[in-house]
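Chemist: Contents of entry15.tsv (TSV, C-alpha atoms and all ligand atoms) are below:
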```tsv
chain	number	residue	atom	x	y	z
A	1	MET	CA	27.43	-7.79	11.15
A	2	LYS	CA	29.87	-8.32	13.98
A	3	ASP	CA	30.20	-12.03	13.29
A	4	ILE	CA	31.14	-11.39	9.65
A	5	SER	CA	33.94	-9.06	10.66
A	6	LYS	CA	35.23	-11.35	13.36
A	7	ALA	CA	35.25	-14.39	11.12
A	8	LEU	CA	37.06	-12.58	8.33
A	9	GLU	CA	39.56	-11.05	10.70
A	10	LYS	CA	40.40	-14.41	12.19
A	11	ALA	CA	40.64	-16.19	8.86
A	12	GLN	CA	42.79	-13.44	7.36
A	13	LYS	CA	45.19	-13.51	10.29
A	14	GLU	CA	45.62	-17.24	10.00
A	15	GLN	CA	46.06	-17.12	6.26
A	16	LEU	CA	48.69	-14.41	6.48
A	17	GLU	CA	50.58	-16.55	8.95
A	18	ASN	CA	50.41	-19.54	6.62
A	19	GLN	CA	50.92	-17.83	3.28
A	20	ASP	CA	53.59	-18.95	0.86
A	21	LYS	CA	56.05	-16.09	1.01
A	22	SER	CA	57.92	-17.32	-2.06
A	23	GLN	CA	55.11	-16.28	-4.43
A	24	ILE	CA	55.63	-13.12	-6.43
A	25	PRO	CA	53.06	-11.16	-8.47
A	26	VAL	CA	53.02	-12.16	-12.13
A	27	LYS	CA	53.06	-9.78	-15.07
A	28	ASP	CA	51.55	-11.04	-18.33
A	29	PRO	CA	50.52	-9.61	-21.68
A	30	PRO	CA	46.83	-8.72	-22.16
A	31	VAL	CA	44.90	-11.71	-23.50
A	32	GLN	CA	41.66	-12.96	-22.01
A	33	GLN	CA	41.01	-16.44	-23.22
A	34	THR	CA	41.03	-19.92	-21.78
A	35	GLY	CA	41.10	-23.04	-23.89
A	36	PRO	CA	39.38	-26.34	-23.39
A	37	ILE	CA	40.87	-27.70	-20.20
A	38	LYS	CA	41.62	-31.39	-20.25
A	39	PRO	CA	41.91	-33.15	-16.94
A	40	GLN	CA	45.19	-34.99	-16.86
A	41	SER	CA	43.76	-38.04	-15.19
A	42	ARG	CA	40.33	-39.16	-14.02
A	43	GLU	CA	41.49	-41.89	-11.70
A	44	HIS	CA	40.04	-40.40	-8.54
A	45	GLU	CA	36.47	-39.57	-7.65
A	46	PRO	CA	36.00	-36.25	-5.88
A	47	GLY	CA	36.58	-36.63	-2.15
A	48	VAL	CA	38.28	-34.90	0.67
A	49	GLU	CA	41.24	-35.53	2.82
A	50	PRO	CA	40.25	-37.20	6.07
A	51	ALA	CA	38.96	-34.62	8.52
A	52	PRO	CA	41.80	-33.28	10.64
A	53	PRO	CA	41.72	-34.17	14.34
A	54	LYS	CA	39.41	-32.03	16.43
A	55	GLY	CA	41.01	-28.84	17.54
A	56	LYS	CA	43.49	-28.84	14.65
A	57	GLY	CA	41.10	-28.62	11.70
A	58	SER	CA	39.02	-25.76	12.92
A	59	ASN	CA	39.81	-22.60	14.73
A	60	ARG	CA	38.14	-21.43	17.92
A	61	GLN	CA	35.40	-19.66	16.00
A	62	GLY	CA	34.61	-22.69	13.89
A	63	SER	CA	35.89	-21.94	10.36
A	64	LYS	CA	37.23	-25.17	8.95
A	65	VAL	CA	40.48	-26.20	7.38
A	66	ILE	CA	39.86	-28.78	4.67
A	67	LYS	CA	43.03	-29.39	2.75
A	68	VAL	CA	41.98	-30.28	-0.79
A	69	ARG	CA	43.82	-32.97	-2.70
A	70	GLU	CA	45.97	-32.06	-5.67
A	71	ASP	CA	44.70	-34.94	-7.78
A	72	ILE	CA	41.13	-33.68	-7.29
A	73	LEU	CA	42.12	-30.16	-8.31
A	74	ARG	CA	43.77	-31.56	-11.41
A	75	ASP	CA	40.89	-33.88	-12.28
A	76	ASN	CA	38.44	-31.02	-11.89
A	77	ARG	CA	40.49	-28.70	-14.11
A	78	LEU	CA	41.55	-26.26	-11.40
A	79	MET	CA	44.80	-25.77	-13.23
A	80	SER	CA	45.55	-22.36	-11.70
A	81	TYR	CA	46.70	-24.25	-8.66
A	82	PHE	CA	49.58	-25.75	-10.58
A	83	GLY	CA	52.67	-23.75	-11.39
A	84	SER	CA	53.55	-23.83	-15.05
A	85	ASN	CA	50.96	-24.85	-17.57
A	86	PHE	CA	49.28	-23.11	-20.45
A	87	ILE	CA	45.90	-22.84	-18.73
A	88	SER	CA	47.24	-21.41	-15.48
A	89	ASP	CA	49.15	-18.87	-17.56
A	90	GLN	CA	45.90	-17.84	-19.26
A	91	TYR	CA	44.33	-17.26	-15.86
A	92	LYS	CA	47.33	-15.22	-14.79
A	93	ILE	CA	46.68	-13.00	-17.80
A	94	ILE	CA	43.00	-12.65	-16.91
A	95	LYS	CA	43.93	-11.93	-13.30
A	96	THR	CA	46.46	-9.33	-14.33
A	97	LYS	CA	43.91	-7.54	-16.50
A	98	ILE	CA	41.44	-7.55	-13.64
A	99	LEU	CA	44.04	-6.28	-11.17
A	100	GLU	CA	44.96	-3.47	-13.56
A	101	GLN	CA	41.37	-2.29	-13.60
A	102	THR	CA	40.57	-2.67	-9.95
A	103	LYS	CA	43.45	-2.49	-7.52
A	104	ASP	CA	44.01	1.27	-7.52
A	105	SER	CA	40.34	2.12	-7.44
A	106	GLY	CA	39.28	-0.01	-4.50
A	107	LEU	CA	37.14	-2.31	-6.60
A	108	ASN	CA	37.36	-5.68	-4.91
A	109	THR	CA	34.04	-7.48	-5.33
A	110	ILE	CA	33.64	-9.33	-8.61
A	111	LEU	CA	30.73	-11.32	-9.94
A	112	VAL	CA	31.25	-14.04	-12.55
A	113	THR	CA	28.30	-14.76	-14.80
A	114	SER	CA	27.48	-15.92	-18.33
A	115	ALA	CA	24.54	-15.81	-20.69
A	116	PHE	CA	23.50	-19.45	-20.22
A	117	LYS	CA	24.25	-22.33	-17.95
A	118	GLY	CA	27.23	-24.59	-18.43
A	119	GLU	CA	29.47	-22.00	-20.07
A	120	GLY	CA	32.15	-22.25	-17.39
A	121	LYS	CA	31.26	-19.72	-14.67
A	122	SER	CA	32.15	-21.96	-11.75
A	123	LEU	CA	35.40	-23.20	-13.24
A	124	THR	CA	36.38	-19.65	-14.18
A	125	SER	CA	35.48	-18.28	-10.71
A	126	ALA	CA	37.51	-20.95	-8.97
A	127	ASN	CA	40.55	-20.70	-11.25
A	128	LEU	CA	40.49	-16.92	-11.03
A	129	ALA	CA	40.20	-17.01	-7.23
A	130	ILE	CA	43.10	-19.46	-6.96
A	131	SER	CA	45.21	-17.38	-9.32
A	132	LEU	CA	44.52	-14.23	-7.29
A	133	ALA	CA	45.18	-16.04	-4.03
A	134	LYS	CA	48.70	-16.75	-5.26
A	135	GLU	CA	49.47	-13.05	-5.20
A	136	VAL	CA	51.34	-12.11	-2.05
A	137	VAL	CA	49.31	-9.05	-1.22
A	138	TYR	CA	45.77	-10.31	-1.65
A	139	THR	CA	43.52	-12.53	0.36
A	140	VAL	CA	40.70	-14.01	-1.70
A	141	LEU	CA	37.24	-15.08	-0.66
A	142	LEU	CA	35.44	-17.28	-3.18
A	143	VAL	CA	31.68	-17.27	-2.63
A	144	ASP	CA	29.29	-19.77	-4.20
A	145	ALA	CA	26.41	-17.38	-4.83
A	146	ASP	CA	24.76	-19.68	-7.35
A	147	LEU	CA	22.03	-20.56	-4.90
A	148	ARG	CA	19.97	-22.36	-7.53
A	149	ASN	CA	22.71	-24.81	-8.23
A	150	PRO	CA	25.59	-24.52	-5.78
A	151	SER	CA	28.43	-26.52	-7.26
A	152	LEU	CA	31.80	-24.98	-6.44
A	153	HIS	CA	32.35	-27.43	-3.58
A	154	TYR	CA	32.37	-30.32	-6.08
A	155	LEU	CA	35.34	-28.73	-7.82
A	156	PHE	CA	37.27	-28.79	-4.56
A	157	GLY	CA	36.01	-32.25	-3.64
A	158	ILE	CA	34.40	-30.87	-0.50
A	159	SER	CA	31.05	-31.83	1.03
A	160	PRO	CA	30.13	-28.81	3.13
A	161	GLN	CA	27.80	-29.28	6.07
A	162	ALA	CA	26.51	-25.73	5.73
A	163	GLY	CA	26.95	-22.68	3.53
A	164	LEU	CA	25.62	-19.34	2.30
A	165	SER	CA	22.09	-20.74	2.06
A	166	ASP	CA	22.18	-21.48	5.80
A	167	TYR	CA	23.41	-17.99	6.61
A	168	LEU	CA	20.66	-16.40	4.50
A	169	LEU	CA	17.81	-18.68	5.52
A	170	HIS	CA	18.67	-19.82	9.03
A	171	ASP	CA	21.09	-17.20	10.35
A	172	THR	CA	23.87	-19.74	10.75
A	173	PRO	CA	26.86	-17.70	11.93
A	174	LEU	CA	29.34	-17.07	9.14
A	175	PRO	CA	32.36	-18.29	11.11
A	176	GLU	CA	30.89	-21.77	10.90
A	177	LEU	CA	30.64	-21.57	7.12
A	178	PHE	CA	34.08	-20.46	5.96
A	179	ILE	CA	36.38	-23.18	4.68
A	180	ARG	CA	40.11	-22.82	4.14
A	181	PRO	CA	41.09	-25.31	1.45
A	182	GLY	CA	44.83	-24.93	2.04
A	183	ILE	CA	45.44	-23.06	-1.22
A	184	ASN	CA	47.53	-20.01	-0.43
A	185	LYS	CA	45.30	-17.29	1.02
A	186	LEU	CA	42.05	-18.64	-0.38
A	187	LEU	CA	38.96	-18.70	1.80
A	188	PHE	CA	35.82	-20.43	0.51
A	189	LEU	CA	32.18	-19.82	1.37
A	190	PRO	CA	30.19	-22.71	-0.13
A	191	GLY	CA	26.57	-22.38	-1.20
A	192	HIS	CA	25.39	-25.67	0.33
A	193	THR	CA	21.73	-26.35	-0.41
A	194	SER	CA	19.84	-25.20	-3.45
A	195	ILE	CA	17.16	-22.54	-2.87
A	196	GLU	CA	14.15	-22.65	-5.17
A	197	ASN	CA	13.14	-19.02	-4.75
A	198	SER	CA	16.76	-17.87	-4.74
A	199	SER	CA	16.01	-14.57	-6.49
A	200	GLU	CA	13.84	-13.42	-3.59
A	201	VAL	CA	16.52	-14.43	-1.12
A	202	VAL	CA	19.28	-12.74	-3.10
A	203	SER	CA	17.25	-9.54	-3.46
A	204	ALA	CA	16.64	-9.31	0.29
A	205	PRO	CA	18.61	-6.66	2.20
A	206	LYS	CA	20.52	-9.35	4.07
A	207	MET	CA	22.42	-10.39	0.94
A	208	GLU	CA	23.21	-6.81	-0.01
A	209	ARG	CA	24.47	-6.12	3.50
A	210	LEU	CA	26.65	-9.22	3.36
A	211	VAL	CA	28.30	-8.14	0.09
A	212	LYS	CA	28.86	-4.64	1.47
A	213	GLU	CA	30.41	-5.95	4.65
A	214	LEU	CA	32.64	-8.40	2.78
A	215	LYS	CA	33.76	-5.56	0.53
A	216	GLU	CA	34.43	-2.90	3.10
A	217	ARG	CA	35.99	-4.82	5.88
A	218	TYR	CA	39.29	-5.56	4.12
A	219	PRO	CA	40.40	-3.44	1.17
A	220	ASP	CA	43.16	-5.94	0.31
A	221	ARG	CA	40.69	-8.77	-0.09
A	222	TYR	CA	39.16	-9.79	-3.41
A	223	VAL	CA	35.74	-11.38	-3.18
A	224	ILE	CA	34.76	-13.49	-6.19
A	225	PHE	CA	31.11	-14.49	-6.50
A	226	ASP	CA	30.13	-17.42	-8.69
A	227	SER	CA	26.54	-16.95	-9.85
A	228	THR	CA	23.70	-17.99	-12.12
A	229	PRO	CA	23.40	-17.32	-15.88
A	230	VAL	CA	22.16	-13.79	-16.46
A	231	ILE	CA	19.67	-14.66	-19.22
A	232	GLU	CA	18.18	-17.58	-17.35
A	233	SER	CA	17.63	-16.19	-13.87
A	234	ALA	CA	17.40	-12.87	-12.09
A	235	ASP	CA	19.91	-13.76	-9.36
A	236	SER	CA	23.06	-12.63	-11.09
A	237	LEU	CA	21.42	-9.46	-12.33
A	238	ILE	CA	20.42	-8.60	-8.77
A	239	LEU	CA	23.85	-9.50	-7.38
A	240	SER	CA	25.58	-7.50	-10.09
A	241	LYS	CA	24.09	-4.35	-8.53
A	242	TYR	CA	25.90	-5.04	-5.26
A	243	VAL	CA	29.38	-5.75	-6.63
A	244	ASP	CA	32.08	-3.53	-8.12
A	245	GLY	CA	32.63	-5.42	-11.32
A	246	VAL	CA	31.28	-8.19	-13.50
A	247	VAL	CA	33.18	-10.79	-15.53
A	248	LEU	CA	31.14	-12.33	-18.35
A	249	VAL	CA	32.13	-15.83	-19.42
A	250	VAL	CA	31.42	-16.70	-23.04
A	251	GLU	CA	31.66	-20.21	-24.38
A	252	ALA	CA	33.69	-20.16	-27.56
A	253	GLY	CA	31.83	-21.52	-30.57
A	254	LYS	CA	28.59	-21.87	-28.65
A	255	THR	CA	27.31	-18.59	-27.28
A	256	GLN	CA	25.81	-16.69	-30.20
A	257	LYS	CA	26.66	-13.04	-30.83
A	258	SER	CA	23.01	-12.09	-30.29
A	259	GLU	CA	23.05	-13.89	-26.94
A	260	ILE	CA	26.21	-12.13	-25.84
A	261	LYS	CA	24.59	-8.83	-26.84
A	262	LYS	CA	21.49	-9.73	-24.87
A	263	ALA	CA	23.57	-10.56	-21.79
A	264	LEU	CA	25.53	-7.32	-22.14
A	265	LYS	CA	22.31	-5.36	-22.59
A	266	LEU	CA	20.95	-6.81	-19.36
A	267	LEU	CA	24.19	-5.81	-17.65
A	268	GLU	CA	24.52	-2.45	-19.40
A	269	LYS	CA	24.51	-0.31	-16.27
A	270	ARG	CA	27.08	-2.54	-14.56
A	271	ASN	CA	30.82	-2.26	-14.61
A	272	ILE	CA	31.91	-5.07	-16.94
A	273	ILE	CA	35.57	-5.58	-16.19
A	274	GLY	CA	36.20	-8.53	-18.43
A	275	LEU	CA	34.95	-11.00	-21.00
A	276	VAL	CA	36.43	-14.46	-20.71
A	277	LEU	CA	36.32	-16.59	-23.82
A	278	ASN	CA	36.13	-20.08	-22.38
A	279	LYS	CA	36.76	-23.41	-24.07
A	280	GLY	CA	38.38	-21.71	-27.07
A	281	GLU	CA	40.48	-23.67	-29.51
A	282	ILE	CA	44.16	-23.79	-28.68
A	283	PRO	CA	46.72	-25.65	-30.73
A	284	GLU	CA	46.89	-29.18	-29.30
A	285	LYS	CA	50.52	-28.97	-28.35
A	286	ARG	CA	49.79	-25.97	-26.15
A	287	TYR	CA	47.13	-27.60	-23.97
A	288	TYR	CA	49.73	-28.36	-21.40
A	289	ARG	CA	52.80	-26.47	-22.23
A	290	TYR	CA	55.33	-26.40	-19.47
A	291	TYR	CA	58.00	-23.74	-19.22
A	301	LIG	N1	37.74	-24.46	-20.45
A	301	LIG	C1	37.13	-25.63	-20.26
A	301	LIG	N2	37.61	-26.75	-20.81
A	301	LIG	C2	37.00	-27.94	-20.65
A	301	LIG	N3	35.88	-28.11	-19.93
A	301	LIG	C3	35.36	-27.02	-19.35
A	301	LIG	C4	35.95	-25.73	-19.47
A	301	LIG	N4	35.19	-24.86	-18.78
A	301	LIG	C5	34.18	-25.57	-18.24
A	301	LIG	N5	34.28	-26.86	-18.58
A	301	LIG	C6	33.36	-27.95	-18.20
A	301	LIG	O1	32.05	-27.55	-18.59
A	301	LIG	C7	31.11	-27.92	-17.59
A	301	LIG	C8	30.40	-26.68	-17.09
A	301	LIG	O2	31.36	-25.88	-16.43
A	301	LIG	P1	30.94	-25.01	-15.17
A	301	LIG	O3	30.25	-25.84	-14.16
A	301	LIG	O4	32.13	-24.23	-14.75
A	301	LIG	O5	29.88	-24.07	-15.88
A	301	LIG	P2	28.81	-23.13	-15.22
A	301	LIG	O6	28.63	-21.99	-16.17
A	301	LIG	O7	29.19	-22.79	-13.85
A	301	LIG	O8	27.53	-24.08	-15.22
A	301	LIG	P3	26.16	-23.81	-14.41
A	301	LIG	O9	25.45	-22.70	-15.15
A	301	LIG	O10	25.44	-25.11	-14.54
A	301	LIG	O11	26.52	-23.44	-13.03
A	301	LIG	C9	31.90	-28.63	-16.50
A	301	LIG	O12	31.86	-30.01	-16.73
A	301	LIG	C10	33.30	-28.11	-16.69
A	301	LIG	O13	34.28	-29.01	-16.22
A	302	MG	MG	28.22	-23.03	-12.04
```
Spit out the file's structure as structure tokens when you get a sec.
Modeler:
Amino acid sequence: MKDISKALEKAQKEQLENQDKSQIPVKDPPVQQTGPIKPQSREHEPGVEPAPPKGKGSNRQGSKVIKVREDILRDNRLMSYFGSNFISDQYKIIKTKILEQTKDSGLNTILVTSAFKGEGKSLTSANLAISLAKEVVYTVLLVDADLRNPSLHYLFGISPQAGLSDYLLHDTPLPELFIRPGINKLLFLPGHTSIENSSEVVSAPKMERLVKELKERYPDRYVIFDSTPVIESADSLILSKYVDGVVLVVEAGKTQKSEIKKALKLLEKRNIIGLVLNKGEIPEKRYYRYY
């Protein structure tokens, strides 16, 4: 447990030192919908900036700094990173609704799931985490807890050498797993390799202890967990017991009412703090509206 605390403490200190002090919290009206997000260009394949020179790119305890490229964020639809656009504004609204429900009650661990695969959990988790990380007062840890199909690192164009799977299976120290992508106060714990019997691993006490430790160590930290679809695997159902709140992503025009009901029924004892309607229709001219 000690290594978790140390790693978080170190990363938080560094992030606070580097944070963009010009950011101010955003207030938005209550709407919870994202539209189809069009990448603005697909000229670049996902990749990473060249590794920084030894000693500069990682701190003494080993957590890495991998500054992600803006063109990759844009290509991969991580539009929350960019200042003024319709999509990032939608995520600000979602973030604001979540903050309203959580910040005064100490709820800071949030699981993102959906009924089925491909409905936008990973994209929503990452955009939400980036949006939250832009708030002055919060540090955000984004965890790829989809251990069947870890994919968040692709969105950032990162190829992690290790991740949550290594911590859970091989006791790799956490400090070696955290990545700071250079996006405000965002810290990223990638999943790394896929685990076939992930449900057994997720249901083991080690995972529950990790979530508890991540939650309790820093009350001003939000921890966002990307996960598996709730109807298709037990992982997210198990994880949802450990966290404070659940966000359910629904794909507009695709997820059937009966399927949403089924997902909600599975999650009925959990604290559902939001439904995100993803890929909804938005008037064309508003896809990228700049203010
Ligand atoms: N709002 C959106 N607009 C356009 N494309 C989207 C949107 N949301 C997600 N996508 C695309 O849909 C695909 C699936 O998204 P994503 O990987 O986030 O879903 P997922 O629920 O995490 O999938 P999985 O269950 O396989 O992990 C990706 O190609 C993603 O870029
Ligand atoms: Mg995913």
Chemist: Ligand LIG 301 (chain A): which residues are within 10 Å, counting only C-alpha atoms and all ligand atoms, as a VMD selection string?
Modeler: chain A and resid 33 to 39 75 to 78 87 112 to 127 144 146 to 152 154 to 155 226 to 230 232 249 to 252 277 to 281
Chemist: So the first atom is atom CA of A:Lys185 and the second is atom CA of A:Val140; what is the distance between them in Å, to one decimal place?
Modeler: 6.3 Å
Chemist: Quick one, how far is atom CA of A:Val223 from atom CA of A:Ala133?
Modeler: 10.6 Å
Chemist: When you draw a straight line from atom CA of A:Val137 to atom CA of A:Asp220, how long is it in Å?
Modeler: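 Value for the atom CA of A:Val137-atom CA of A:Asp220 distance: 7.1 Å.
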Chemist: Which is closest to ligand MG 302 (chain A) among A:Ser199, A:Ser236, A:Thr172, A:Gln256, if we use all atoms listed in the file?
Modeler: A:Ser236
Chemist: I need the residue nearest ligand MG 302 (chain A) from this list: A:Lys265, A:His153, A:Lys95, A:His170. Use only C-alpha atoms and all ligand atoms for the distance.
Modeler: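 Closest to ligand MG 302 (chain A) of all the choices is A:His153.
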Chemist: Could you tell me which of A:Ile66, A:Leu168, A:Met207, A:Ala145 comes closest to ligand MG 302 (chain A) if we count all atoms listed in the file?
Modeler: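 Closest residue, counting all atoms listed in the file: A:Ala145.
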Chemist: So which one's closest to ligand MG 302 (chain A), A:Gly191, A:Gly253, A:Gly157, A:Gly274? Using all atoms listed in the file, please.
Modeler: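 That would be A:Gly191, the residue with the smallest distance to ligand MG 302 (chain A).
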Chemist: Show which residues sit within 12 Å of A:Glu268, as a list in words. Count only C-alpha atoms, and ignore same-chain residues fewer than 3 positions away.
Modeler: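 My reading of the contact set: Val230, Leu237, Ser240, Lys241, Gly245, Val246, Leu248, Ile260, Lys261, Lys262, Ala263, Leu264, Lys265, Asn271, Ile272 and Ile273 of chain A.
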Chemist: Would you give the centre and edge lengths, in Å to one decimal, of a box along x, y and z around the listed atoms of stretch 73-87 of chain A, with 4 Å added to each side, as AutoDock Vina command-line options?
Modeler:
```
--center_x 46.0 --center_y -28.1 --center_z -14.4 --size_x 23.1 --size_y 19.5 --size_z 20.1
```
Chemist: Would you list the contacts of A:Tyr91 as a count of residues only, taking every protein, DNA or RNA residue within 7 Å and counting all atoms listed in the file, but skipping same-chain residues closer than 2 positions in sequence?
Modeler: 10
Chemist: Between A:Leu99, A:Leu214, A:Ile238, A:Ala162, which residue has the minimum interatomic distance to A:Ser194, considering all atoms listed in the file?
Modeler: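 Result for the nearest residue to A:Ser194: A:Ala162.
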Chemist: Please return, as a PDB file with C-alpha atoms, in the frame of the given file, all polymer residues that have at least one atom within 9 Å of the point (30.8, -29.9, 5.0); use all atoms listed in the file and the file's own coordinate frame.
Modeler:
```
ATOM      1  CA  LYS A  64      37.230 -25.170   8.950  1.00  0.00           C
ATOM      2  CA  ILE A 158      34.400 -30.870  -0.500  1.00  0.00           C
ATOM      3  CA  SER A 159      31.050 -31.830   1.030  1.00  0.00           C
ATOM      4  CA  PRO A 160      30.130 -28.810   3.130  1.00  0.00           C
ATOM      5  CA  GLN A 161      27.800 -29.280   6.070  1.00  0.00           C
ATOM      6  CA  ALA A 162      26.510 -25.730   5.730  1.00  0.00           C
ATOM      7  CA  GLY A 163      26.950 -22.680   3.530  1.00  0.00           C
ATOM      8  CA  LEU A 177      30.640 -21.570   7.120  1.00  0.00           C
ATOM      9  CA  ILE A 179      36.380 -23.180   4.680  1.00  0.00           C
ATOM     10  CA  PRO A 190      30.190 -22.710  -0.130  1.00  0.00           C
ATOM     11  CA  HIS A 192      25.390 -25.670   0.330  1.00  0.00           C
TER      12      HIS A 192
END
```
Chemist: Quick one: residues within 8 Å of A:Pro181, all atoms listed in the file counted, chain neighbours fewer than 5 positions away excluded, as an MDAnalysis selection string?
Modeler: chainID A and resid 65:68 156 186:188
Chemist: Using the selection just defined, write its residues with C-alpha atoms as a CSV table (one decimal), in the coordinates of the input.
Modeler:
```csv
chain,number,residue,atom,x,y,z
A,65,VAL,CA,40.5,-26.2,7.4
A,66,ILE,CA,39.9,-28.8,4.7
A,67,LYS,CA,43.0,-29.4,2.8
A,68,VAL,CA,42.0,-30.3,-0.8
A,156,PHE,CA,37.3,-28.8,-4.6
A,186,LEU,CA,42.0,-18.6,-0.4
A,187,LEU,CA,39.0,-18.7,1.8
A,188,PHE,CA,35.8,-20.4,0.5
```
Chemist: Quick one: stretch 80-134 of chain A from the block, C-alpha atoms, as a short mmCIF file (atom, residue, chain, number, x, y, z; two decimals), in the first residue's frame.
Modeler:
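Saved to decode.cif:
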```cif
data_model
loop_
_atom_site.label_atom_id
_atom_site.label_comp_id
_atom_site.auth_asym_id
_atom_site.auth_seq_id
_atom_site.Cartn_x
_atom_site.Cartn_y
_atom_site.Cartn_z
CA SER A 80 -11.88 18.08 -24.39
CA TYR A 81 -8.23 18.94 -24.66
CA PHE A 82 -9.00 21.80 -27.01
CA GLY A 83 -10.42 25.06 -25.76
CA SER A 84 -13.53 26.10 -27.60
CA ASN A 85 -15.47 23.56 -29.58
CA PHE A 86 -18.94 22.15 -29.35
CA ILE A 87 -17.81 18.72 -28.16
CA SER A 88 -15.53 20.00 -25.41
CA ASP A 89 -18.41 22.19 -24.24
CA GLN A 90 -20.63 19.11 -24.01
CA TYR A 91 -18.04 17.42 -21.83
CA LYS A 92 -17.82 20.51 -19.64
CA ILE A 93 -21.56 20.16 -19.09
CA ILE A 94 -21.22 16.48 -18.22
CA LYS A 95 -18.31 17.29 -15.91
CA THR A 96 -20.25 20.05 -14.21
CA LYS A 97 -23.19 17.73 -13.56
CA ILE A 98 -20.86 15.14 -12.11
CA LEU A 99 -19.09 17.70 -9.93
CA GLU A 100 -22.44 18.93 -8.64
CA GLN A 101 -23.31 15.45 -7.46
CA THR A 102 -19.97 14.45 -6.04
CA LYS A 103 -17.70 17.22 -4.84
CA ASP A 104 -19.43 18.05 -1.56
CA SER A 105 -20.04 14.45 -0.62
CA GLY A 106 -16.52 13.10 -1.06
CA LEU A 107 -17.46 10.90 -3.99
CA ASN A 108 -14.37 10.80 -6.17
CA THR A 109 -14.14 7.38 -7.81
CA ILE A 110 -16.19 7.00 -10.97
CA LEU A 111 -16.64 4.02 -13.24
CA VAL A 112 -17.62 4.47 -16.88
CA THR A 113 -19.48 1.58 -18.46
CA SER A 114 -22.10 0.85 -21.12
CA ALA A 115 -24.45 -1.97 -22.03
CA PHE A 116 -22.40 -3.28 -24.95
CA LYS A 117 -19.00 -2.85 -26.45
CA GLY A 118 -18.14 -0.02 -28.78
CA GLU A 119 -20.62 2.48 -27.37
CA GLY A 120 -17.95 5.00 -26.44
CA LYS A 121 -16.81 4.17 -22.89
CA SER A 122 -13.12 4.76 -23.51
CA LEU A 123 -13.61 7.98 -25.44
CA THR A 124 -16.03 9.25 -22.80
CA SER A 125 -13.69 8.29 -19.92
CA ALA A 126 -10.75 10.04 -21.53
CA ASN A 127 -12.65 13.19 -22.51
CA LEU A 128 -14.24 13.39 -19.08
CA ALA A 129 -10.87 12.92 -17.35
CA ILE A 130 -9.26 15.63 -19.50
CA SER A 131 -12.16 17.99 -18.87
CA LEU A 132 -11.90 17.43 -15.11
CA ALA A 133 -8.13 17.81 -15.18
CA LYS A 134 -8.62 21.31 -16.54
#
```
